[in-house]
Structures are given as C-alpha cells and as structure tokens.
$ cat target.txt   # compact mmCIF, C-alpha atoms
# COMPACT_ATOMS: atom_id res chain seq x y z
CA MET R 644 28.26 12.56 -75.87
CA ALA R 645 31.71 11.93 -74.46
CA ILE R 646 33.65 14.85 -73.06
CA GLN R 647 37.09 15.64 -74.40
CA ALA R 648 38.76 15.73 -70.99
CA ILE R 649 41.00 18.71 -71.76
CA ASP R 650 39.22 21.03 -69.35
CA LEU R 651 39.30 19.62 -65.82
CA THR R 652 35.93 21.18 -64.93
CA GLU R 653 34.08 19.39 -67.75
CA THR R 654 31.76 16.56 -66.68
CA GLN R 655 29.88 13.81 -68.45
CA ASP R 656 26.56 12.37 -67.23
CA PHE R 657 26.40 8.63 -66.76
CA ILE R 658 23.56 6.28 -65.77
CA SER R 659 24.36 2.84 -64.44
CA LYS R 660 22.97 -0.21 -66.23
CA TYR R 661 22.06 -1.58 -62.79
CA ASP R 662 19.82 1.42 -62.08
CA THR R 663 16.24 0.26 -62.63
CA VAL R 664 14.38 2.62 -60.32
CA GLU R 665 13.02 6.01 -61.43
CA PRO R 666 14.24 8.68 -61.08
CA LYS R 667 17.61 7.32 -62.06
CA THR R 668 20.83 8.45 -60.41
CA ILE R 669 22.89 10.66 -62.69
CA TRP R 670 26.62 10.35 -62.02
CA LYS R 671 28.82 13.23 -63.17
CA LEU R 672 32.22 11.98 -64.27
CA GLY R 673 35.20 14.13 -65.09
CA ALA R 674 38.79 14.34 -66.22
CA LEU R 675 41.76 13.55 -64.01
CA ASP R 676 44.95 15.54 -64.01
CA SER R 677 48.28 13.84 -64.71
CA ARG R 678 49.37 13.85 -61.05
CA ILE R 679 46.26 11.92 -59.97
CA LYS R 680 46.46 9.50 -62.89
CA LYS R 681 50.07 8.68 -62.03
CA THR R 682 49.19 8.28 -58.35
CA ILE R 683 46.40 5.85 -59.21
CA GLU R 684 48.76 3.89 -61.45
CA ASP R 685 51.13 3.64 -58.48
CA VAL R 686 48.28 2.35 -56.31
CA ALA R 687 47.46 -0.22 -58.98
CA TRP R 688 50.81 -1.99 -58.79
CA GLU R 689 52.65 -3.17 -55.73
CA TYR R 690 55.98 -4.91 -55.77
CA GLU R 691 57.65 -6.32 -52.72
CA ALA R 692 61.19 -7.60 -52.68
CA ASN R 693 63.93 -7.97 -50.13
CA PRO R 694 66.70 -5.46 -51.02
CA ASN R 695 69.26 -7.80 -49.42
CA THR R 696 68.39 -10.65 -51.77
CA PRO R 697 67.66 -9.13 -55.17
CA GLY R 698 66.27 -11.64 -57.66
CA ASP R 699 64.79 -13.68 -54.81
CA ALA R 700 61.99 -15.97 -55.96
CA LYS R 701 59.95 -14.78 -52.96
CA ALA R 702 59.50 -11.29 -54.47
CA LYS R 703 55.80 -10.46 -54.67
CA ALA R 704 53.89 -8.41 -57.22
CA SER R 705 50.19 -7.62 -56.95
CA PHE R 706 47.64 -5.70 -58.94
CA ASN R 707 45.14 -3.92 -56.71
CA ILE R 708 42.03 -3.82 -58.89
CA GLY R 709 39.52 -2.96 -56.17
CA LYS R 710 41.68 -0.26 -54.61
CA THR R 711 42.34 1.25 -58.04
CA GLU R 712 38.62 1.36 -58.85
CA LEU R 713 37.89 3.16 -55.58
CA GLU R 714 40.63 5.71 -56.33
CA PHE R 715 39.30 6.34 -59.84
CA VAL R 716 35.81 6.98 -58.46
CA GLN R 717 36.98 9.08 -55.53
CA PHE R 718 38.87 11.42 -57.86
CA GLY R 719 36.79 11.16 -61.01
CA LEU R 720 33.25 11.38 -59.64
CA LYS R 721 32.58 15.13 -59.60
CA GLY R 722 28.95 15.02 -58.53
CA PHE R 723 25.63 13.19 -58.76
CA THR R 724 21.90 13.75 -58.56
CA GLY R 725 19.09 11.44 -57.45
CA PHE R 726 21.25 9.13 -55.34
CA LEU R 727 19.19 7.58 -52.55
CA ASN R 728 20.44 5.50 -49.63
CA ASN R 729 17.68 3.72 -47.66
CA GLY R 730 15.19 6.13 -49.20
CA LYS R 731 17.17 9.20 -48.09
CA GLN R 732 18.68 11.65 -50.55
CA VAL R 733 22.49 11.60 -50.52
CA TYR R 734 24.32 14.81 -51.40
CA HIS R 735 27.74 15.05 -52.96
CA GLN R 736 30.32 16.03 -50.35
CA THR R 737 34.06 16.27 -50.56
CA GLU R 738 37.00 15.97 -48.22
CA PRO R 739 40.57 17.21 -48.69
CA LYS R 740 43.19 14.70 -49.80
CA ASN R 741 46.87 15.54 -50.14
CA ILE R 742 48.56 14.14 -53.22
CA ASN R 743 52.28 14.90 -53.41
CA GLY R 744 51.81 18.28 -51.77
CA LYS R 745 48.68 19.35 -53.62
CA VAL R 746 45.33 19.25 -51.81
CA TYR R 747 42.42 17.87 -53.84
CA HIS R 748 38.78 17.96 -52.81
CA VAL R 749 37.66 14.41 -53.48
CA LEU R 750 34.48 12.45 -52.83
CA LYS R 751 34.03 11.81 -49.12
CA ALA R 752 35.04 8.25 -48.17
CA ASP R 753 31.73 7.75 -46.30
CA ILE R 754 29.80 8.43 -49.50
CA LEU R 755 32.15 6.29 -51.59
CA GLY R 756 31.38 3.51 -49.13
CA ILE R 757 27.64 3.49 -49.84
CA ILE R 758 27.94 3.28 -53.63
CA PRO R 759 27.26 -0.37 -54.63
CA GLY R 760 30.33 -2.36 -55.71
CA ASP R 761 29.02 -3.10 -59.21
CA VAL R 762 28.35 0.60 -59.76
CA ILE R 763 31.86 1.47 -58.47
CA LYS R 764 33.33 -0.87 -61.08
CA GLU R 765 31.15 0.63 -63.82
CA LEU R 766 32.02 4.20 -62.83
CA ALA R 767 35.73 3.39 -62.58
CA ASP R 768 35.71 1.81 -66.07
CA LYS R 769 33.91 4.82 -67.51
CA ILE R 770 36.30 7.29 -65.83
CA LYS R 771 39.24 5.30 -67.25
CA ASP R 772 37.68 5.50 -70.74
CA ILE R 773 37.14 9.25 -70.44
CA ASN R 774 40.77 9.79 -69.46
CA ASN R 775 42.39 7.59 -72.08
CA VAL R 776 42.81 8.32 -75.77
CA SER R 777 40.65 5.82 -77.65
CA GLU R 778 41.86 4.13 -80.83
CA GLU R 779 39.26 6.12 -82.80
CA GLU R 780 40.52 9.42 -81.34
CA ARG R 781 44.13 8.41 -81.97
CA LYS R 782 43.32 7.71 -85.62
CA ASN R 783 41.39 10.95 -86.06
CA MET D 1498 44.85 12.54 -89.24
CA ALA D 1499 43.68 16.08 -88.43
CA VAL D 1500 47.32 17.13 -87.98
CA TRP D 1501 48.07 16.11 -91.56
CA ILE D 1502 45.28 18.14 -93.19
CA PRO D 1503 47.29 21.39 -93.63
CA HIS D 1504 50.19 19.36 -95.06
CA PHE D 1505 48.09 18.18 -98.04
CA GLU D 1506 46.61 21.63 -98.79
CA HIS D 1507 43.53 19.82 -100.02
CA ASP D 1508 40.30 21.83 -99.89
CA CYS D 1509 37.26 19.72 -100.89
CA SER D 1510 35.14 22.84 -101.49
CA LYS D 1511 37.54 23.96 -104.25
CA MET D 1512 37.50 20.62 -106.08
CA THR D 1513 35.52 19.94 -109.24
CA ASP D 1514 33.07 17.01 -109.21
CA GLY D 1515 35.65 14.88 -111.05
CA GLN D 1516 38.41 15.76 -108.57
CA LYS D 1517 36.10 15.00 -105.65
CA LEU D 1518 35.50 11.58 -107.14
CA LEU D 1519 39.20 11.00 -107.78
CA TYR D 1520 40.43 12.12 -104.35
CA GLY D 1521 37.62 10.49 -102.38
CA CYS D 1522 36.04 13.64 -100.99
CA GLU D 1523 32.57 12.12 -101.07
CA GLN D 1524 33.11 8.39 -101.38
CA LYS D 1525 35.86 5.79 -101.42
CA THR D 1526 38.30 5.98 -104.31
CA THR D 1527 41.15 3.92 -105.75
CA PHE D 1528 43.52 6.85 -105.13
CA VAL D 1529 45.58 6.14 -102.03
CA TRP D 1530 46.33 8.93 -99.56
CA ASP D 1531 49.50 8.19 -97.62
CA VAL D 1532 48.83 9.65 -94.18
CA GLY D 1533 51.65 8.61 -91.84
CA GLU D 1534 50.96 5.05 -90.82
CA TYR D 1535 47.54 5.04 -92.48
CA LYS D 1536 46.69 4.45 -96.12
CA LEU D 1537 43.34 6.06 -96.92
CA ASN D 1538 40.82 5.69 -99.72
CA ARG D 1539 39.07 8.89 -98.66
CA CYS D 1540 40.58 12.37 -98.63
CA PRO D 1541 41.99 13.31 -95.17
CA ASN D 1542 39.23 15.89 -94.58
CA SER D 1543 36.52 13.28 -95.13
CA SER D 1544 38.33 10.71 -93.00
CA ILE D 1545 37.75 12.64 -89.79
CA THR D 1546 34.87 10.81 -88.14
CA ASP D 1547 34.66 13.06 -85.09
CA GLY D 1548 34.86 16.80 -85.76
CA ARG D 1549 35.41 17.51 -82.06
CA ILE D 1550 38.98 16.32 -82.63
CA PHE D 1551 39.76 19.84 -83.85
CA ASN D 1552 39.37 21.04 -80.25
CA TYR D 1553 42.54 19.08 -79.51
CA ILE D 1554 44.31 20.85 -82.38
CA THR D 1555 43.09 24.19 -81.02
CA ALA D 1556 44.41 23.25 -77.56
CA TYR D 1557 47.75 22.27 -79.15
CA ASN D 1558 47.95 25.56 -81.07
CA ARG D 1559 47.33 27.51 -77.86
CA TYR D 1560 49.87 25.40 -76.01
CA SER D 1561 52.46 26.15 -78.73
CA LYS D 1562 51.80 29.86 -78.10
CA GLY D 1563 52.45 29.31 -74.41
CA PHE D 1564 48.96 28.75 -73.01
CA LEU D 1565 47.88 25.65 -71.11
CA PRO D 1566 44.18 24.76 -70.85
CA ASN D 1567 44.12 24.54 -67.05
CA GLU D 1568 45.90 26.57 -64.37
CA GLY D 1569 49.16 25.23 -62.94
CA GLY D 1570 51.97 23.30 -64.53
CA TRP D 1571 52.27 20.11 -66.55
CA MET D 1572 51.11 17.75 -63.83
CA ASP D 1573 48.01 19.93 -63.29
CA GLN D 1574 46.87 19.43 -66.88
CA SER D 1575 44.47 16.65 -67.72
CA TYR D 1576 46.15 13.33 -68.36
CA LYS D 1577 44.35 13.10 -71.67
CA PHE D 1578 45.59 16.52 -72.81
CA ASN D 1579 49.19 15.45 -72.13
CA SER D 1580 48.61 12.17 -74.01
CA VAL D 1581 47.07 13.97 -76.98
CA LEU D 1582 50.00 16.44 -77.10
CA ASN D 1583 52.42 13.53 -77.41
CA ILE D 1584 50.43 12.09 -80.32
CA ILE D 1585 50.16 15.44 -82.12
CA GLU D 1586 53.87 16.19 -81.65
CA TYR D 1587 54.80 12.75 -82.94
CA GLU D 1588 52.65 13.25 -86.06
CA ILE D 1589 54.10 16.75 -86.61
CA SER D 1590 57.63 15.33 -86.38
CA LYS D 1591 56.71 12.83 -89.14
CA ILE D 1592 55.42 15.67 -91.35
CA GLU D 1593 58.61 17.67 -90.70
CA LYS D 1594 60.70 14.66 -91.69
CA LEU D 1595 58.74 14.31 -94.94
CA ARG D 1596 59.18 18.01 -95.71
CA HIS D 1597 62.88 17.80 -94.96
CA LYS D 1598 63.22 14.80 -97.29
CA SER D 1599 61.36 16.59 -100.08
CA ARG D 1600 63.53 19.74 -99.64
CA GLU D 1601 66.66 17.59 -99.86
CA LYS D 1602 65.30 15.94 -103.01
CA ASN D 1603 64.60 19.31 -104.65
CA ARG D 1604 68.08 20.69 -104.02

$ encode --input "target.txt" --output "structure tokens"
Amino acid sequence: MAIQAIDLTETQDFISKYDTVEPKTIWKLGALDSRIKKTIEDVAWEYEANPNTPGDAKAKASFNIGKTELEFVQFGLKGFTGFLNNGKQVYHQTEPKNINGKVYHVLKADILGIIPGDVIKELADKIKDINNVSEEERKN
Amino acid sequence: MAVWIPHFEHDCSKMTDGQKLLYGCEQKTTFVWDVGEYKLNRCPNSSITDGRIFNYITAYNRYSKGFLPNEGGWMDQSYKFNSVLNIIEYEISKIEKLRHKSREKNR
C-alpha cells in the first residue's frame, strides 16, 4: 500500500521487477521535503545563455534525466534489506550532504554507484510517484 | 471531494432506503451532485475511493490550528503535504465563494 508522504519518516517497501533472485532486495522509499524536491528540480533543468547577448540563438537548455534520477534515489532511498554485491551483503550507509544550509544524511555515493542503472530508474520513478499527488488523490 | 463533505451535510446513515437510492449512497443515481469541478452520480461520501484521504484532512485541520506534521518550517515539510494543502485550500475557497453567493441571494 502506498504511503501518504506527509510524515517524512514513513517508508514504503518496493521490489524491483528486475529482481529474479531469492531472497529479493527490499528497497525502502520515502517522502522528500520541499527543499530537496526543489533542489532536484533545479538539477533537472540547465539553461545556459550569454548575458551579453540575450536572445542569442546559441543559448542552450538541457534536461538532466540521469542526474535527476540519481538525486531522487540518493535522497528518497531510506534503506534496504537483502542487497548483495558480488555475493556480499551491502548495508545502507549515509553521508552528509549540505542543501542550502541544511545537512541531510543521504545514501552514500559509493552505494548509489553499485545499484544497477535499470533499478535506479525504477526507484527514481517510484519515489517521484510517492511524492506527487496522483490524479486519483486529487479527485478524492 | 473529501473537503466538500461537511458542506453538503449529507449523512448516508440517516437516510431512508428511498433517499439512499435517490442520492446515490449505494449505487449510481440520476441525481447530480455538483461538487466543484466534478459532477457526481454518487453521493460525495460514497465517491471517496480511498479512505486514507481523510489523513490529509486531519493534517490540514492540525495545520490550521498551528501544527505542522514535521519539525522545522515550510521547506522542511514533505513536498506532498505542501501540494495537498494548496489543493485543500483551493477547494475551501470555492466552498466559501458558494456560501457567500448563497448568503447574498438570501438577503
């Protein structure tokens, strides 16, 4: 059952569709606060323009999908159980990250690096869903 | 939808079988409930498909009394909580407008 994402300590268990080996890895996904969500949105978009030539056709905009997914997982993955890397148990560890003056304890970059890319995408999509108001919720 | 329930003062448990049929408490009806942007063929109580939505209303009620669900300020609250507050406040403003209109009409 989906969490309501009001309480920031609430987590929701998630199993990847790519996980075929028993015991399966259980990912614990949680809510993001507004500061983090805004920061990730900032990471998502990049716009480059020369201030001396506004309206220049060479202005560049890019949408950083991969970077955004990593950020969602680093902030939204609150824990996991049964995650093995080369047959060795991996434990959830955090590292401090400063976001606009507030220090968050987020998933260690080394651990983020060993989560398969497809699973990162899946986790990021699920974390986005948890933190957005669905059409069904809006209607209710 | 949940925000509108008190506005209608409709209690399914106090309805007769005929009224339940008319207002769509148990099944679809030809009576149309005008709930903000939605037109319903079921009474508002029966139109709630996820009862956990009332937790948002509880959180809103506590917020209106000055309590936030998590420690810290606005930016420390969950993004979803802040989004839900905007939706609830928008719906409440629509109800207030309706009430104001009906008061003006009854003058």

$ interface_residues --input "target.txt" --of "chain R" --to "chain D" --cutoff "8 Å" --atoms "only C-alpha atoms" --output "short mmCIF file (atom, residue, chain, number, x, y, z; two decimals) with C-alpha atoms, in the coordinates of the input"
data_model
loop_
_atom_site.label_atom_id
_atom_site.label_comp_id
_atom_site.auth_asym_id
_atom_site.auth_seq_id
_atom_site.Cartn_x
_atom_site.Cartn_y
_atom_site.Cartn_z
CA ALA R 648 38.76 15.73 -70.99
CA ILE R 649 41.00 18.71 -71.76
CA ASP R 650 39.22 21.03 -69.35
CA LEU R 651 39.30 19.62 -65.82
CA ALA R 674 38.79 14.34 -66.22
CA LEU R 675 41.76 13.55 -64.01
CA ASP R 676 44.95 15.54 -64.01
CA SER R 677 48.28 13.84 -64.71
CA ARG R 678 49.37 13.85 -61.05
CA LYS R 680 46.46 9.50 -62.89
CA ASN R 774 40.77 9.79 -69.46
CA ASN R 775 42.39 7.59 -72.08
CA VAL R 776 42.81 8.32 -75.77
CA GLU R 780 40.52 9.42 -81.34
CA ARG R 781 44.13 8.41 -81.97
CA LYS R 782 43.32 7.71 -85.62
CA ASN R 783 41.39 10.95 -86.06
#

$ residues_around --input "target.txt" --residues "stretch 1520-1529 of chain D" --least-positions-apart "3" --cutoff "7 Å" --atoms "all atoms listed in the file" --output "PDB file with C-alpha atoms, in the frame of the given file"
ATOM      1  CA  CYS D1509      37.260  19.720-100.890  1.00  0.00           C
ATOM      2  CA  GLN D1516      38.410  15.760-108.570  1.00  0.00           C
ATOM      3  CA  LYS D1517      36.100  15.000-105.650  1.00  0.00           C
ATOM      4  CA  LYS D1536      46.690   4.450 -96.120  1.00  0.00           C
ATOM      5  CA  LEU D1537      43.340   6.060 -96.920  1.00  0.00           C
ATOM      6  CA  ASN D1538      40.820   5.690 -99.720  1.00  0.00           C
ATOM      7  CA  ARG D1539      39.070   8.890 -98.660  1.00  0.00           C
ATOM      8  CA  CYS D1540      40.580  12.370 -98.630  1.00  0.00           C
ATOM      9  CA  SER D1543      36.520  13.280 -95.130  1.00  0.00           C
TER      10      SER D1543
END

$ atom_distance --input "target.txt" --atom1 "atom CA of D:His1504" --atom2 "atom CA of D:Arg1596"
9.1 Å

$ atom_distance --input "target.txt" --atom1 "atom CA of R:Ala702" --atom2 "atom CA of R:Trp688"
13.4 Å

$ closest_residue --input "target.txt" --among "D:Gly1533, D:Glu1601, D:Ile1554, D:Glu1506" --to "D:Glu1588" --atoms "all atoms listed in the file"
D:Gly1533

$ atom_distance --input "target.txt" --atom1 "atom CA of R:Ala752" --atom2 "atom CA of R:Thr652"
21.2 Å

$ closest_residue --input "target.txt" --among "R:Thr668, R:Asn693, R:Lys681, R:Glu712" --to "R:Gly760" --atoms "all atoms listed in the file"
R:Glu712

$ residues_around --input "target.txt" --residues "R:Ala704" --least-positions-apart "2" --cutoff "9 Å" --atoms "only C-alpha atoms" --output "list in words"
Trp688, Glu689, Tyr690, Glu691, Ala692, Ala702 and Phe706 of chain R

$ write_last_selection --input "target.txt" --atoms "C-alpha atoms" --output "PDB file, in the frame of the given file"
ATOM      1  CA  TRP R 688      50.810  -1.990 -58.790  1.00  0.00           C
ATOM      2  CA  GLU R 689      52.650  -3.170 -55.730  1.00  0.00           C
ATOM      3  CA  TYR R 690      55.980  -4.910 -55.770  1.00  0.00           C
ATOM      4  CA  GLU R 691      57.650  -6.320 -52.720  1.00  0.00           C
ATOM      5  CA  ALA R 692      61.190  -7.600 -52.680  1.00  0.00           C
ATOM      6  CA  ALA R 702      59.500 -11.290 -54.470  1.00  0.00           C
ATOM      7  CA  PHE R 706      47.640  -5.700 -58.940  1.00  0.00           C
TER       8      PHE R 706
END

$ axis_aligned_box --input "target.txt" --around "stretch 729-733 of chain R" --padding-each-side "5 Å" --output "JSON"
{"center_x": 18.8, "center_y": 7.7, "center_z": -49.1, "size_x": 17.3, "size_y": 17.9, "size_z": 12.9}

$ residues_around --input "target.txt" --residues "R:Lys710" --least-positions-apart "3" --cutoff "8 Å" --atoms "only C-alpha atoms" --output "list of chain:residue names"
R:Val686, R:Ala687, R:Asn707, R:Leu713, R:Glu714

$ residues_around --input "target.txt" --residues "stretch 721-730 of chain R" --least-positions-apart "4" --cutoff "9 Å" --atoms "only C-alpha atoms" --output "ChimeraX atom specification"
/R:652,654,656,666-673,716-717,734-736,749-750,757-758
